Amino acid sequence: MNLFVEGFAWIFDPANYSGGQGWIVRLLEQLAYTFGATAIALLIAVPLGYLVGHTGRGRDLAVSFSGGFRALPSLGVLILLGLGLGIGFKAPLLTFVIIAIPPILAGAYAGFEAVDRKTIDAARAVGMTEWQVVTRVEIPLGLPLLIGGIRSSLLQVVATATLAAYVSGGALGVFIFDAFATRNYPEALGASILVTALALVLEGIFALLQKLVVPRGVVAKELKDVRQRSSRPLAAAGVPAQEGK
Amino acid sequence: MFTAIKKGRLVSGLVAVSAVVALAGCASSDPLDTTSTSGSSDAASGPIVIGSQAYYSNEIIAEIYAQALEANDIEVTRQFNIGQRDAYLPALESGEVQLFPEYTGNLLQYYEPDTTAKTSDDVYAALAGALPEGLEVLDQSPATDQDSYNVTKEFSEANGVTSLADLSKVTTPLTLGGNSELQTRPYGPDGLKSTYDVTVGFTPIEDSGGPLTIQALKDNTVQLVNIYSADPNIKTSGLVTLADPKGLFLASNVVPLINTDAATPEVTEVINKVSAALTAEDLVDLNSQSVNDQESADTIAKNWLDKVNLF
């Protein structure tokens, strides 16, 4: 029979989704890793990114850090942390936080940087304090890029969270590791389909969210003078300039 | 602008759909099916192709076969690090790879998952009957590399445990650690229960008895772990391998698996000599040179062949 069909048959077999060992529980674990790691990464990376973006200090460091950390091999980090922290959920969670930080950090400082200097000068000219410049101008205008960063973090973690099973951390990888050892390919494919579906759903939600957070005034403005753009890209567009959309 | 977005969506939609179609196309056949039989099965003429698993110990044995054959003026080609049985057994049958170091118990279990053979000789006899047409095994070696349950020395001393049978006296809860497939293997938790009346929990750790497993044992997250008996870490980490008086584990001796076309009398004679000389202690020692001294398979094989001085 078609292996693809068997993969779906595995997913819809009640024996495979119900109970403490079923995929519903494992899917929730996968989501818990994804949102848990992204939330912790947000707490660390957003203030740091905003600081870099607002002051312009440490920019080189932030760029090389977020670039370099993206290249870390996740499984290697996981094993290293697993040796230190023991098996269970802690080592995978920390690994996923490390994976999630770079895109969010990049999104946060790039969002601030992409705000047109003229807009900031104008904000200062009307008498806004530094704090007001940050909270009323830079944060709202930089939000689309930050959401873009969060979106890419979530996507990366949700796909990588399968590795947690390597150190006894649960999540959907349990089925994949088990399936390869026992040559149960429908199980491997079924679990992979679940991970893919989860990633696509999250991606869809955040793509929508990214559109929604573009400030209304900015959208109106962009629609009007689309041909008169200055050579600097307007932050306002909500288009991640670096992602080359 | 809206049309642009719509177009973008249309394109990504098309990409997604065609990807699914392409995937479905792949999935309709066995992903591991090798349709091309590029390797020649005319073995006698060309060099003999030796393969190995992506397991350092297996690669050392394969390298020993290779150097032993070379020492007897038989040409060889090395195709090491092939990975799982699913990948290399079809290649052996088709003759793309011709000689491969294997393990009797695990290989028998691959072809006959329900086998009842346990002892070394029974397993070897059953294996000869289980192999598909075109494959045969040469003499098995006294060296074994099989599953074994291990505890820390502290645990062994504190509970007076040296054998799996002693585990039933232990009153504290026991958790077994090993690769996830161990949970469903006949020698897993169910086998412990039925053979030795020992009840254990199970924690999957996917590094095949590697450093994470040993760390979990030392942290007392698990009390019992599955490690291959030839793993030098058993000695270096001060673990105690529990005896298996009732034969829970399938014996698994090192055995050369060969494509019948390649099993010429010369090759058979050389490889059988190697198998006879390779003892269980030798194998642990060879593995130790790889793990602890970071020697290459090439050097380790050469040193061993020099030591046993067969040719």
# chains A, B, ... in the order shown; residues from 1 in each chain; ligands from 1
call {"tool": "interface_residues", "arguments": {"of": "chain A", "to": "chain B", "cutoff": "7 Å", "atoms": "only C-alpha atoms", "output": "list in words"}}
result
Asn2, Leu3, Phe4, Gly82, Leu83, Gly86, Ile87, Tyr166, Val167, Ser168, Asp178, Ala181 and Thr182 of chain A
call {"tool": "closest_atom_pairs", "arguments": {"of": "region 72-148 of chain B", "to": "region 277-284 of chain B", "cutoff": "7 Å", "atoms": "only C-alpha atoms", "output": "CSV"}}
result
residue,atom,partner,partner_atom,distance
B:Ser141,CA,B:Leu278,CA,6.3
B:Pro142,CA,B:Thr279,CA,5.4
B:Ala143,CA,B:Ala280,CA,3.8
B:Thr144,CA,B:Ala280,CA,5.8
call {"tool": "write_last_selection", "arguments": {"atoms": "C-alpha atoms", "output": "mmCIF file, in the first residue's frame"}}
result
data_model
loop_
_atom_site.group_PDB
_atom_site.id
_atom_site.type_symbol
_atom_site.label_atom_id
_atom_site.label_comp_id
_atom_site.auth_asym_id
_atom_site.auth_seq_id
_atom_site.Cartn_x
_atom_site.Cartn_y
_atom_site.Cartn_z
ATOM 1 C CA SER B 141 33.910 -15.666 16.157
ATOM 2 C CA PRO B 142 34.068 -16.221 19.932
ATOM 3 C CA ALA B 143 33.862 -12.419 20.276
ATOM 4 C CA THR B 144 30.402 -11.191 21.206
#
call {"tool": "residues_around", "arguments": {"residues": "Asn226 (chain B)", "least_positions_apart": "6", "cutoff": "8 Å", "atoms": "only C-alpha atoms", "output": "list in words"}}
result
Asp147, Ser148, Tyr149, Asn150, Leu176, Gly177, Gly178, Ser208 and Gly209 of chain B
call {"tool": "residues_around", "arguments": {"residues": "region 14-18 of chain A", "least_positions_apart": "4", "cutoff": "12 Å", "atoms": "only C-alpha atoms", "output": "number ranges by chain"}}
result
A: 7-10, 22-28, 172, 175, 186-187, 190-191, 194
call {"tool": "atom_distance", "arguments": {"atom1": "CA of Leu141 (chain A)", "atom2": "CA of Tyr109 (chain A)"}}
result
11.8 Å
